[in-house]
$ cat query.cif   # mmCIF, C-alpha atoms and all ligand atoms
data_coords
#
loop_
_atom_site.group_PDB
_atom_site.id
_atom_site.type_symbol
_atom_site.label_atom_id
_atom_site.label_comp_id
_atom_site.auth_asym_id
_atom_site.auth_seq_id
_atom_site.Cartn_x
_atom_site.Cartn_y
_atom_site.Cartn_z
ATOM 1 C CA MET L 98 -51.531 -33.601 -34.918
ATOM 2 C CA LYS L 99 -52.195 -35.518 -31.687
ATOM 3 C CA ARG L 100 -48.629 -36.820 -31.807
ATOM 4 C CA ASN L 101 -47.263 -33.231 -32.229
ATOM 5 C CA ASN L 102 -49.282 -31.991 -29.210
ATOM 6 C CA SER L 103 -47.965 -34.780 -27.055
ATOM 7 C CA LEU L 104 -44.376 -33.991 -28.188
ATOM 8 C CA LEU L 105 -44.842 -30.284 -27.343
ATOM 9 C CA SER L 106 -46.278 -31.130 -23.938
ATOM 10 C CA GLY L 107 -43.269 -33.410 -23.246
ATOM 11 C CA ILE L 108 -40.836 -30.645 -24.213
ATOM 12 C CA ARG L 109 -42.680 -28.195 -21.897
ATOM 13 C CA ARG L 110 -42.452 -30.643 -19.003
ATOM 14 C CA LEU L 111 -38.747 -31.165 -19.677
ATOM 15 C CA LEU L 112 -38.121 -27.394 -19.783
ATOM 16 C CA THR L 113 -40.001 -26.969 -16.490
ATOM 17 C CA VAL L 114 -37.869 -29.642 -14.816
ATOM 18 C CA VAL L 115 -34.622 -28.125 -16.200
ATOM 19 C CA SER L 116 -35.694 -24.633 -14.977
ATOM 20 C CA CYS L 117 -36.450 -25.970 -11.502
ATOM 21 C CA VAL L 118 -33.064 -27.693 -11.323
ATOM 22 C CA LEU L 119 -31.283 -24.492 -12.463
ATOM 23 C CA ILE L 120 -33.151 -22.362 -9.874
ATOM 24 C CA ALA L 121 -32.347 -24.893 -7.125
ATOM 25 C CA CYS L 122 -28.649 -24.905 -8.123
ATOM 26 C CA CYS L 123 -28.590 -21.113 -8.099
ATOM 27 C CA LEU L 124 -30.229 -20.910 -4.658
ATOM 28 C CA PHE L 125 -27.847 -23.546 -3.275
ATOM 29 C CA SER L 126 -24.858 -21.718 -4.705
ATOM 30 C CA CYS L 127 -26.020 -18.385 -3.196
ATOM 31 C CA LYS L 128 -26.521 -20.072 0.177
ATOM 32 C CA GLN L 129 -23.030 -21.583 -0.051
ATOM 33 C CA LYS L 130 -21.536 -18.159 -0.776
ATOM 34 C CA VAL L 131 -23.182 -16.668 2.320
ATOM 35 C CA GLU L 132 -21.853 -19.500 4.477
ATOM 36 C CA LYS L 133 -18.225 -19.236 3.360
ATOM 37 C CA PRO L 134 -15.994 -18.261 6.296
ATOM 38 C CA LYS L 135 -14.636 -14.725 6.224
ATOM 39 C CA THR L 136 -12.302 -14.892 9.215
ATOM 40 C CA ALA L 137 -9.426 -12.405 9.284
ATOM 41 C CA ILE L 138 -6.023 -13.967 9.947
ATOM 42 C CA VAL L 139 -3.853 -12.281 12.577
ATOM 43 C CA ALA L 140 -0.134 -13.087 12.610
ATOM 44 C CA HIS L 141 0.741 -13.640 16.294
ATOM 45 C CA ARG L 142 3.775 -11.445 17.131
ATOM 46 C CA GLY L 143 4.020 -10.733 13.405
ATOM 47 C CA TYR L 144 4.795 -13.233 10.665
ATOM 48 C CA TRP L 145 7.940 -14.278 12.539
ATOM 49 C CA ASN L 146 7.732 -17.928 11.613
ATOM 50 C CA CYS L 147 9.611 -17.636 8.311
ATOM 51 C CA GLU L 148 13.188 -17.288 7.129
ATOM 52 C CA ALA L 149 12.716 -13.716 5.915
ATOM 53 C CA ALA L 150 11.883 -12.593 9.471
ATOM 54 C CA GLY L 151 14.753 -14.621 10.931
ATOM 55 C CA TYR L 152 12.213 -16.405 13.171
ATOM 56 C CA ALA L 153 12.220 -13.356 15.470
ATOM 57 C CA ARG L 154 8.909 -12.760 17.277
ATOM 58 C CA ASN L 155 7.853 -9.139 17.725
ATOM 59 C CA SER L 156 10.560 -7.954 15.340
ATOM 60 C CA ILE L 157 10.174 -5.232 12.741
ATOM 61 C CA ALA L 158 11.053 -7.868 10.135
ATOM 62 C CA ALA L 159 8.115 -9.997 11.352
ATOM 63 C CA LEU L 160 5.786 -7.012 11.064
ATOM 64 C CA ARG L 161 7.081 -6.299 7.562
ATOM 65 C CA GLN L 162 6.596 -9.934 6.507
ATOM 66 C CA ALA L 163 2.989 -9.847 7.759
ATOM 67 C CA GLY L 164 2.460 -6.689 5.728
ATOM 68 C CA GLU L 165 4.188 -8.065 2.614
ATOM 69 C CA ALA L 166 2.024 -11.201 2.835
ATOM 70 C CA HIS L 167 -1.108 -9.052 3.235
ATOM 71 C CA PHE L 168 -2.333 -10.756 6.371
ATOM 72 C CA GLU L 169 -5.309 -8.847 7.748
ATOM 73 C CA GLY L 170 -3.690 -8.362 11.142
ATOM 74 C CA SER L 171 -0.287 -8.340 12.811
ATOM 75 C CA GLU L 172 -0.203 -8.653 16.593
ATOM 76 C CA PHE L 173 2.562 -7.340 18.871
ATOM 77 C CA ASP L 174 3.174 -6.751 22.587
ATOM 78 C CA VAL L 175 4.055 -3.492 24.297
ATOM 79 C CA ASN L 176 5.716 -2.913 27.681
ATOM 80 C CA MET L 177 6.848 0.404 29.187
ATOM 81 C CA THR L 178 10.253 1.025 30.790
ATOM 82 C CA ALA L 179 10.863 3.032 33.988
ATOM 83 C CA ASP L 180 11.756 6.055 31.850
ATOM 84 C CA SER L 181 8.557 5.759 29.793
ATOM 85 C CA VAL L 182 9.937 4.149 26.636
ATOM 86 C CA LEU L 183 7.468 1.772 24.994
ATOM 87 C CA LEU L 184 9.166 -1.461 23.940
ATOM 88 C CA VAL L 185 7.817 -4.157 21.630
ATOM 89 C CA TRP L 186 8.506 -7.243 23.752
ATOM 90 C CA HIS L 187 6.299 -10.006 25.091
ATOM 91 C CA ASP L 188 7.436 -10.631 28.672
ATOM 92 C CA SER L 189 7.619 -8.159 31.539
ATOM 93 C CA TYR L 190 11.301 -9.102 32.022
ATOM 94 C CA ILE L 191 14.312 -9.028 29.708
ATOM 95 C CA ASP L 192 17.283 -11.164 30.778
ATOM 96 C CA GLY L 193 15.903 -11.243 34.324
ATOM 97 C CA LYS L 194 15.434 -7.464 34.577
ATOM 98 C CA SER L 195 11.977 -5.961 35.042
ATOM 99 C CA ILE L 196 11.184 -3.689 32.098
ATOM 100 C CA GLU L 197 8.970 -1.466 34.217
ATOM 101 C CA LYS L 198 11.638 -0.973 36.898
ATOM 102 C CA ASN L 199 14.598 -0.270 34.614
ATOM 103 C CA PRO L 200 15.421 2.459 32.114
ATOM 104 C CA TYR L 201 15.613 1.766 28.390
ATOM 105 C CA SER L 202 19.425 1.996 28.462
ATOM 106 C CA GLU L 203 19.481 -1.373 30.268
ATOM 107 C CA PHE L 204 17.916 -3.039 27.233
ATOM 108 C CA ALA L 205 19.329 -1.051 24.324
ATOM 109 C CA ASP L 206 22.054 -3.615 23.542
ATOM 110 C CA VAL L 207 19.813 -6.705 23.643
ATOM 111 C CA ARG L 208 19.317 -8.341 20.254
ATOM 112 C CA LEU L 209 16.475 -10.458 18.881
ATOM 113 C CA ALA L 210 16.988 -13.814 17.120
ATOM 114 C CA ASN L 211 17.462 -12.016 13.786
ATOM 115 C CA GLY L 212 19.968 -9.471 15.128
ATOM 116 C CA GLU L 213 17.534 -6.541 15.437
ATOM 117 C CA PRO L 214 17.538 -4.481 18.614
ATOM 118 C CA ILE L 215 14.349 -4.788 20.648
ATOM 119 C CA PRO L 216 12.071 -2.396 18.732
ATOM 120 C CA VAL L 217 11.010 0.785 20.448
ATOM 121 C CA LEU L 218 7.383 1.515 19.580
ATOM 122 C CA ASP L 219 8.283 4.524 17.428
ATOM 123 C CA SER L 220 10.510 2.483 15.078
ATOM 124 C CA PHE L 221 7.861 -0.228 14.932
ATOM 125 C CA LEU L 222 5.076 2.189 13.998
ATOM 126 C CA LEU L 223 7.256 3.904 11.417
ATOM 127 C CA ALA L 224 7.601 0.535 9.650
ATOM 128 C CA ALA L 225 3.849 -0.164 10.023
ATOM 129 C CA VAL L 226 3.017 2.938 8.000
ATOM 130 C CA ASP L 227 4.209 1.049 4.885
ATOM 131 C CA TYR L 228 1.466 -1.612 5.204
ATOM 132 C CA PRO L 229 -1.956 0.032 5.207
ATOM 133 C CA ALA L 230 -3.731 -3.255 4.433
ATOM 134 C CA THR L 231 -2.506 -4.909 7.620
ATOM 135 C CA GLN L 232 -4.226 -3.807 10.815
ATOM 136 C CA LEU L 233 -2.037 -3.488 13.906
ATOM 137 C CA VAL L 234 -3.257 -5.635 16.781
ATOM 138 C CA PHE L 235 -1.687 -3.685 19.637
ATOM 139 C CA GLU L 236 -1.396 -5.667 22.873
ATOM 140 C CA LEU L 237 -0.725 -3.435 25.836
ATOM 141 C CA LYS L 238 0.763 -5.579 28.588
ATOM 142 C CA PRO L 239 -0.450 -5.262 32.191
ATOM 143 C CA HIS L 240 1.716 -3.009 34.377
ATOM 144 C CA SER L 241 2.000 -2.823 38.158
ATOM 145 C CA THR L 242 -0.542 -0.096 38.940
ATOM 146 C CA PRO L 243 -3.498 1.585 37.224
ATOM 147 C CA GLU L 244 -1.482 4.843 37.180
ATOM 148 C CA VAL L 245 1.398 3.242 35.244
ATOM 149 C CA GLU L 246 -1.120 1.682 32.861
ATOM 150 C CA ASP L 247 -2.796 5.056 32.336
ATOM 151 C CA ALA L 248 0.580 6.525 31.396
ATOM 152 C CA ALA L 249 1.258 3.623 29.005
ATOM 153 C CA VAL L 250 -2.175 4.060 27.374
ATOM 154 C CA SER L 251 -1.657 7.791 26.958
ATOM 155 C CA LEU L 252 1.838 7.395 25.457
ATOM 156 C CA SER L 253 0.609 4.619 23.140
ATOM 157 C CA LEU L 254 -2.192 6.767 21.734
ATOM 158 C CA LYS L 255 0.170 9.715 21.251
ATOM 159 C CA ALA L 256 2.682 7.509 19.423
ATOM 160 C CA LEU L 257 -0.021 6.162 17.090
ATOM 161 C CA GLU L 258 -1.157 9.706 16.388
ATOM 162 C CA ARG L 259 2.411 10.764 15.492
ATOM 163 C CA TYR L 260 2.502 8.190 12.691
ATOM 164 C CA GLY L 261 -1.027 8.777 11.416
ATOM 165 C CA LEU L 262 -2.103 5.393 12.741
ATOM 166 C CA LEU L 263 -4.692 6.514 15.274
ATOM 167 C CA ASP L 264 -7.444 5.205 13.059
ATOM 168 C CA PRO L 265 -9.793 2.289 13.857
ATOM 169 C CA SER L 266 -9.089 0.742 10.463
ATOM 170 C CA ARG L 267 -5.329 0.755 11.151
ATOM 171 C CA VAL L 268 -5.171 -0.331 14.760
ATOM 172 C CA MET L 269 -7.137 -2.230 17.384
ATOM 173 C CA PHE L 270 -6.236 -2.953 20.987
ATOM 174 C CA ILE L 271 -6.066 -6.067 23.128
ATOM 175 C CA SER L 272 -5.021 -6.508 26.761
ATOM 176 C CA PHE L 273 -5.099 -8.887 29.713
ATOM 177 C CA SER L 274 -5.572 -5.809 31.888
ATOM 178 C CA LEU L 275 -9.229 -4.947 32.337
ATOM 179 C CA HIS L 276 -8.239 -1.479 33.506
ATOM 180 C CA ALA L 277 -6.150 -0.856 30.376
ATOM 181 C CA CYS L 278 -9.065 -2.054 28.192
ATOM 182 C CA GLU L 279 -11.457 0.309 29.954
ATOM 183 C CA GLN L 280 -9.046 3.209 29.566
ATOM 184 C CA LEU L 281 -8.488 2.468 25.875
ATOM 185 C CA ALA L 282 -12.245 2.179 25.278
ATOM 186 C CA GLN L 283 -12.779 5.513 26.993
ATOM 187 C CA LEU L 284 -9.893 7.423 25.375
ATOM 188 C CA ALA L 285 -10.156 5.863 21.924
ATOM 189 C CA PRO L 286 -13.898 5.667 21.228
ATOM 190 C CA GLY L 287 -14.751 3.868 18.007
ATOM 191 C CA PHE L 288 -11.709 1.591 18.200
ATOM 192 C CA THR L 289 -11.988 -2.164 18.655
ATOM 193 C CA VAL L 290 -10.825 -3.115 22.149
ATOM 194 C CA GLN L 291 -10.776 -6.805 23.054
ATOM 195 C CA TYR L 292 -10.189 -8.261 26.514
ATOM 196 C CA LEU L 293 -7.902 -11.291 26.607
ATOM 197 C CA SER L 294 -8.975 -13.035 29.824
ATOM 198 C CA ALA L 295 -12.109 -15.082 30.328
ATOM 199 C CA ASP L 296 -12.802 -13.991 33.914
ATOM 200 C CA VAL L 297 -15.353 -11.420 32.736
ATOM 201 C CA ARG L 298 -18.298 -12.456 30.570
ATOM 202 C CA PRO L 299 -18.841 -10.723 27.213
ATOM 203 C CA SER L 300 -22.062 -9.084 28.457
ATOM 204 C CA LEU L 301 -20.246 -7.434 31.382
ATOM 205 C CA LEU L 302 -17.393 -6.314 29.103
ATOM 206 C CA LYS L 303 -19.957 -4.719 26.825
ATOM 207 C CA GLN L 304 -21.421 -2.845 29.802
ATOM 208 C CA LYS L 305 -17.936 -1.522 30.531
ATOM 209 C CA GLY L 306 -17.652 -0.179 26.987
ATOM 210 C CA ILE L 307 -15.237 -2.892 25.800
ATOM 211 C CA SER L 308 -16.233 -3.903 22.308
ATOM 212 C CA GLY L 309 -14.772 -7.365 21.873
ATOM 213 C CA VAL L 310 -13.362 -10.604 23.225
ATOM 214 C CA ASP L 311 -10.020 -12.159 22.327
ATOM 215 C CA SER L 312 -10.165 -15.485 24.119
ATOM 216 C CA HIS L 313 -8.007 -18.591 24.443
ATOM 217 C CA LEU L 314 -9.201 -21.318 22.101
ATOM 218 C CA ASN L 315 -10.345 -23.536 25.000
ATOM 219 C CA VAL L 316 -12.729 -20.837 26.214
ATOM 220 C CA PHE L 317 -14.689 -21.096 22.970
ATOM 221 C CA LEU L 318 -14.370 -24.886 22.757
ATOM 222 C CA ASN L 319 -15.516 -25.512 26.339
ATOM 223 C CA ASP L 320 -18.369 -23.001 26.412
ATOM 224 C CA SER L 321 -20.461 -22.646 23.269
ATOM 225 C CA THR L 322 -22.405 -19.767 24.851
ATOM 226 C CA TRP L 323 -19.248 -17.607 24.924
ATOM 227 C CA LEU L 324 -19.254 -16.930 21.186
ATOM 228 C CA GLU L 325 -23.062 -16.768 21.016
ATOM 229 C CA GLU L 326 -23.172 -14.184 23.795
ATOM 230 C CA ALA L 327 -20.500 -12.012 22.167
ATOM 231 C CA GLU L 328 -22.153 -12.274 18.740
ATOM 232 C CA SER L 329 -25.608 -11.490 20.119
ATOM 233 C CA LEU L 330 -24.162 -8.258 21.557
ATOM 234 C CA ASP L 331 -22.506 -7.410 18.232
ATOM 235 C CA MET L 332 -19.046 -7.655 19.801
ATOM 236 C CA SER L 333 -15.913 -8.478 17.824
ATOM 237 C CA THR L 334 -14.492 -11.971 18.342
ATOM 238 C CA ASN L 335 -10.896 -13.162 18.177
ATOM 239 C CA VAL L 336 -9.260 -16.440 19.251
ATOM 240 C CA TRP L 337 -5.666 -17.199 20.361
ATOM 241 C CA THR L 338 -3.438 -19.002 19.543
ATOM 242 C CA VAL L 339 -4.619 -21.518 16.973
ATOM 243 C CA ASN L 340 -1.714 -23.360 15.371
ATOM 244 C CA GLU L 341 -3.205 -26.719 14.312
ATOM 245 C CA ASP L 342 -4.872 -27.015 10.903
ATOM 246 C CA SER L 343 -7.809 -29.039 12.251
ATOM 247 C CA LEU L 344 -8.559 -26.443 14.935
ATOM 248 C CA MET L 345 -8.215 -23.609 12.450
ATOM 249 C CA GLN L 346 -10.960 -25.269 10.415
ATOM 250 C CA VAL L 347 -13.161 -25.607 13.522
ATOM 251 C CA PHE L 348 -12.880 -21.882 14.238
ATOM 252 C CA PHE L 349 -13.349 -20.838 10.613
ATOM 253 C CA GLU L 350 -16.539 -22.906 10.472
ATOM 254 C CA MET L 351 -17.630 -21.488 13.818
ATOM 255 C CA GLY L 352 -17.567 -18.044 12.200
ATOM 256 C CA ILE L 353 -14.989 -16.419 14.470
ATOM 257 C CA GLN L 354 -14.122 -12.952 13.119
ATOM 258 C CA GLN L 355 -10.367 -13.110 13.750
ATOM 259 C CA LEU L 356 -7.995 -16.014 14.255
ATOM 260 C CA THR L 357 -4.604 -15.364 15.846
ATOM 261 C CA THR L 358 -1.908 -17.846 14.904
ATOM 262 C CA ASP L 359 1.836 -18.460 14.754
ATOM 263 C CA ARG L 360 1.196 -20.122 11.367
ATOM 264 C CA PRO L 361 -0.674 -17.481 9.350
ATOM 265 C CA ASP L 362 0.464 -19.024 6.059
ATOM 266 C CA ALA L 363 -1.055 -22.397 7.039
ATOM 267 C CA ALA L 364 -4.251 -20.682 8.233
ATOM 268 C CA ARG L 365 -4.574 -18.971 4.885
ATOM 269 C CA GLU L 366 -4.326 -22.346 3.120
ATOM 270 C CA VAL L 367 -6.923 -23.966 5.375
ATOM 271 C CA LEU L 368 -9.302 -21.059 4.807
ATOM 272 C CA SER L 369 -8.705 -21.117 1.082
ATOM 273 C CA LYS L 370 -9.471 -24.864 0.882
ATOM 274 C CA LEU L 371 -12.692 -24.344 2.832
ATOM 275 C CA ASN L 372 -13.750 -21.532 0.546
ATOM 276 C CA ASN L 373 -13.002 -23.508 -2.602
ATOM 277 C CA ASN L 374 -14.955 -26.611 -1.556
HETATM 278 MG MG MG M 401 0.472 -10.867 22.564
#
$ encode --input "query.cif" --output "structure tokens"
Amino acid sequence: MKRNNSLLSGIRRLLTVVSCVLIACCLFSCKQKVEKPKTAIVAHRGYWNCEAAGYARNSIAALRQAGEAHFEGSEFDVNMTADSVLLVWHDSYIDGKSIEKNPYSEFADVRLANGEPIPVLDSFLLAAVDYPATQLVFELKPHSTPEVEDAAVSLSLKALERYGLLDPSRVMFISFSLHACEQLAQLAPGFTVQYLSADVRPSLLKQKGISGVDSHLNVFLNDSTWLEEAESLDMSTNVWTVNEDSLMQVFFEMGIQQLTTDRPDAAREVLSKLNNN
């Protein structure tokens, strides 16, 4: 009888220890789940860095590849010609000619690396309609005066509306022009607007109604308060342009909300490895 009691007491102790271990494992696993990075990957100038897009930045093919690959975001750049045509092109010049000072006809015959014409915004947005899971990251380039920028903002919003894309889940805005950001924030309330330069602190941007920062990677790396300040104000955070695997991991672990990269496929792999560890 005494021997049976002692056996029962041993079994109870063993069960208690096993229960504690199971609870601890469960808590640890839940904690791990919470800490897994959830960064959205933004294809910089589309997913141009692949054969299917013909390695053509800012092409419709690059936008389509980003959509086909289900990247969360696809970034592109917009400049306005002298006759108010919005062109998807990074620089303010094409073949030495100022976009803003020349009519569209001067650029109509220029071809991208994959043979496409330089996309006009309308053609670009028409293609974007096919990829509802990929948010457009619309970069409006700085123009020479606030008045020209106001016109570019107004035409951009009208174009998005024409294609049913004037929706905060479908498009967000970025710009190096503080004026353009302020205008977008004012005319498109509820949309994410991120400022690309680091000459204005997140807190001041927030006061101006701008809801996010999209900063060069060194801004975050050299000033840890930059991300903290933006996060404490509930602002959206994006980093450009992160192309090295090791740096991608740093930003994923930092908890950045969006990571803009020329290698979205590699970023997806790095993120996946982190999440499976
Ligand atoms: Mg850009």
$ axis_aligned_box --input "query.cif" --around "stretch 345-352 of chain L" --padding-each-side "3 Å" --output "lines of an AutoDock Vina configuration file"
center_x = -12.9
center_y = -21.8
center_z = 12.3
size_x = 15.4
size_y = 13.6
size_z = 9.8
$ residues_around --input "query.cif" --residues "stretch 159-163 of chain L" --least-positions-apart "3" --cutoff "7 Å" --atoms "all atoms listed in the file" --output "JSON, numbers by chain"
{"L": [140, 143, 144, 145, 150, 153, 154, 155, 156, 166, 167, 168, 171]}
$ residues_near_ligand --input "query.cif" --ligand "ligand MG 401 (chain M)" --cutoff "8 Å" --atoms "all atoms listed in the file" --output "compact mmCIF listing (two decimals) with C-alpha atoms, keeping the file's coordinate frame"
# COMPACT_ATOMS: atom_id res chain seq x y z
CA HIS L 141 0.74 -13.64 16.29
CA ARG L 142 3.78 -11.44 17.13
CA GLU L 172 -0.20 -8.65 16.59
CA PHE L 173 2.56 -7.34 18.87
CA ASP L 174 3.17 -6.75 22.59
CA HIS L 187 6.30 -10.01 25.09
CA GLU L 236 -1.40 -5.67 22.87
$ closest_residue --input "query.cif" --among "L:Leu301, L:Ser253, L:Gln346, L:Arg360" --to "L:Asn372" --atoms "all atoms listed in the file"
L:Gln346
$ closest_residue --input "query.cif" --among "L:Ala249, L:His313, L:Pro265, L:Ser369" --to "L:Leu356" --atoms "all atoms listed in the file"
L:His313
$ atom_distance --input "query.cif" --atom1 "atom CA of L:Leu254" --atom2 "atom CA of L:Gly193"
28.5 Å
$ closest_residue --input "query.cif" --among "L:Cys278, L:Ala363, L:Val250, L:Val139" --to "L:Lys303" --atoms "all atoms listed in the file"
L:Cys278
$ closest_residue --input "query.cif" --among "L:Gly309, L:Pro243, L:Pro134, L:Gly170" --to "L:Tyr228" --atoms "only C-alpha atoms"
L:Gly170
